[in-house]
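Worksheet: the structure to be examined is printed underneath.
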Amino acid sequence: MTPALLKRTTFIAADAERLADFYGSVFGFTRWYDHELAVDHRFPPTGAPDRARARLIICQAHDPTIGMIGFLQYLDMELPTAARVSGELRVGDPVLVLNVTDVDAVQARALEAGATISSPPVVWEVPRREGPGTTRLKMLSFFDPDGHYCEVSTRV
């Protein structure tokens, strides 16, 4: 089997510009791609007509080929938003996991950029991937302006 490389996650966005600005100001992501395009109705299956006009912005983290996040906004139609019940995730909801050096600074920038904090920074332990013992993490979670859930952590 040929190994796969997960290069990007793309979210359907109400406002691609707003989300690109959010991830740029909170995490320092830069724009790698920003174009209008005609979307094939099969990819992704949103119910939009074939060749619907959309804008795709892809932001790049700090690696030249992986760690990218895309925001796809349909320009001539509004798609329904996902229902969120009291900030609880459901089966099928994505969890964006990011590693940073300063969780507290990310929280301040996220709040300023319009995030809704789900859990302020806390320290907790998880079993190590290999061998005995635990890894201590300082972790924050929030919803971005479109409601995508993010977990942000650093080792302590």
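Chain labels run A, B, ... following the order of the structure tokens; each chain numbers its residues from 1, and ligands are numbered from 1 in the order shown.
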Which residues, written as a list in words, have at least one atom at most 7 Å from region 135-141 of chain A, with only C-alpha atoms counted and residues fewer than 4 positions away on the same chain left out?
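Using only C-alpha atoms, the neighbours found are Val103, Ile117, Ser118, Ser119, Pro120, Pro121, Val122, Val123, Trp124, Glu125, Val126, Pro127, Arg128, Cys150, Glu151, Val152, Ser153, Thr154, Arg155 and Val156 of chain A.
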Hey, can you spit out that residue selection with N, CA and C atoms as a PDB file, in the first residue's frame?
```
ATOM      1  N   VAL A 103       0.218  29.034  25.495  1.00  0.00           N
ATOM      2  CA  VAL A 103      -1.244  28.859  25.479  1.00  0.00           C
ATOM      3  C   VAL A 103      -1.959  30.128  25.934  1.00  0.00           C
ATOM      4  N   ILE A 117     -14.459  30.865  24.110  1.00  0.00           N
ATOM      5  CA  ILE A 117     -13.671  29.931  24.911  1.00  0.00           C
ATOM      6  C   ILE A 117     -14.573  28.822  25.430  1.00  0.00           C
ATOM      7  N   SER A 118     -14.160  27.587  25.204  1.00  0.00           N
ATOM      8  CA  SER A 118     -14.871  26.422  25.734  1.00  0.00           C
ATOM      9  C   SER A 118     -14.288  26.046  27.088  1.00  0.00           C
ATOM     10  N   SER A 119     -12.957  26.033  27.181  1.00  0.00           N
ATOM     11  CA  SER A 119     -12.272  25.777  28.447  1.00  0.00           C
ATOM     12  C   SER A 119     -11.043  26.662  28.512  1.00  0.00           C
ATOM     13  N   PRO A 120     -10.915  27.464  29.577  1.00  0.00           N
ATOM     14  CA  PRO A 120      -9.694  28.255  29.729  1.00  0.00           C
ATOM     15  C   PRO A 120      -8.514  27.306  29.970  1.00  0.00           C
ATOM     16  N   PRO A 121      -7.287  27.811  29.927  1.00  0.00           N
ATOM     17  CA  PRO A 121      -6.129  26.939  30.101  1.00  0.00           C
ATOM     18  C   PRO A 121      -6.165  26.155  31.413  1.00  0.00           C
ATOM     19  N   VAL A 122      -5.918  24.860  31.285  1.00  0.00           N
ATOM     20  CA  VAL A 122      -5.799  23.961  32.438  1.00  0.00           C
ATOM     21  C   VAL A 122      -4.590  23.054  32.195  1.00  0.00           C
ATOM     22  N   VAL A 123      -4.032  22.520  33.274  1.00  0.00           N
ATOM     23  CA  VAL A 123      -2.934  21.561  33.166  1.00  0.00           C
ATOM     24  C   VAL A 123      -3.498  20.187  33.472  1.00  0.00           C
ATOM     25  N   TRP A 124      -3.183  19.233  32.618  1.00  0.00           N
ATOM     26  CA  TRP A 124      -3.623  17.861  32.840  1.00  0.00           C
ATOM     27  C   TRP A 124      -2.593  16.904  32.287  1.00  0.00           C
ATOM     28  N   GLU A 125      -2.773  15.633  32.587  1.00  0.00           N
ATOM     29  CA  GLU A 125      -1.815  14.611  32.180  1.00  0.00           C
ATOM     30  C   GLU A 125      -2.477  13.566  31.299  1.00  0.00           C
ATOM     31  N   VAL A 126      -1.707  13.082  30.320  1.00  0.00           N
ATOM     32  CA  VAL A 126      -2.165  12.001  29.451  1.00  0.00           C
ATOM     33  C   VAL A 126      -1.089  10.919  29.457  1.00  0.00           C
ATOM     34  N   PRO A 127      -1.467   9.650  29.263  1.00  0.00           N
ATOM     35  CA  PRO A 127      -0.445   8.596  29.193  1.00  0.00           C
ATOM     36  C   PRO A 127       0.511   8.871  28.027  1.00  0.00           C
ATOM     37  N   ARG A 128       1.783   8.566  28.251  1.00  0.00           N
ATOM     38  CA  ARG A 128       2.764   8.709  27.166  1.00  0.00           C
ATOM     39  C   ARG A 128       2.429   7.759  26.033  1.00  0.00           C
ATOM     40  N   CYS A 150     -11.403  23.971  18.473  1.00  0.00           N
ATOM     41  CA  CYS A 150      -9.936  23.895  18.493  1.00  0.00           C
ATOM     42  C   CYS A 150      -9.446  23.547  19.895  1.00  0.00           C
ATOM     43  N   GLU A 151      -8.486  22.648  19.959  1.00  0.00           N
ATOM     44  CA  GLU A 151      -7.762  22.351  21.194  1.00  0.00           C
ATOM     45  C   GLU A 151      -6.320  22.782  20.986  1.00  0.00           C
ATOM     46  N   VAL A 152      -5.818  23.586  21.916  1.00  0.00           N
ATOM     47  CA  VAL A 152      -4.485  24.169  21.802  1.00  0.00           C
ATOM     48  C   VAL A 152      -3.703  23.769  23.043  1.00  0.00           C
ATOM     49  N   SER A 153      -2.496  23.230  22.837  1.00  0.00           N
ATOM     50  CA  SER A 153      -1.746  22.761  23.999  1.00  0.00           C
ATOM     51  C   SER A 153      -0.251  23.012  23.859  1.00  0.00           C
ATOM     52  N   THR A 154       0.413  22.904  25.002  1.00  0.00           N
ATOM     53  CA  THR A 154       1.869  22.912  25.081  1.00  0.00           C
ATOM     54  C   THR A 154       2.266  21.991  26.214  1.00  0.00           C
ATOM     55  N   ARG A 155       3.440  21.379  26.097  1.00  0.00           N
ATOM     56  CA  ARG A 155       3.944  20.544  27.188  1.00  0.00           C
ATOM     57  C   ARG A 155       4.449  21.413  28.316  1.00  0.00           C
ATOM     58  N   VAL A 156       4.183  20.983  29.535  1.00  0.00           N
ATOM     59  CA  VAL A 156       4.688  21.699  30.720  1.00  0.00           C
ATOM     60  C   VAL A 156       5.505  20.781  31.593  1.00  0.00           C
TER      61      VAL A 156
END
```
Could you pull the residues within 10 Å of region 42-46 of chain A, counting only C-alpha atoms, minus those fewer than 5 positions along the same chain, as a PyMOL selection string?
chain A and resi 10+12+72+74+79-80
Please extract the residues of chain A with a backbone DSSP assignment of strand (DSSP E or B) and present them as a ChimeraX atom specification.
/A:8-12,30-39,52-60,68-74,85,88,95-99,116-127,134-143,149-155
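Minimum atom-to-atom distances from A:Phe22, A:Phe29, A:Phe11, A:Phe142 to Gly87 (chain A) were compared using only C-alpha atoms, and the lowest value belongs to A:Phe142.
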Residues at most 10 Å from Asp40 (chain A), counting only C-alpha atoms, excluding those fewer than 3 positions away in the same chain, as a ChimeraX atom specification?
/A:37,43-45,48-53
Two-atom distance - CA of Asp102 (chain A), CA of His62 (chain A) (Å):
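A separation of 15.6 Å between them.
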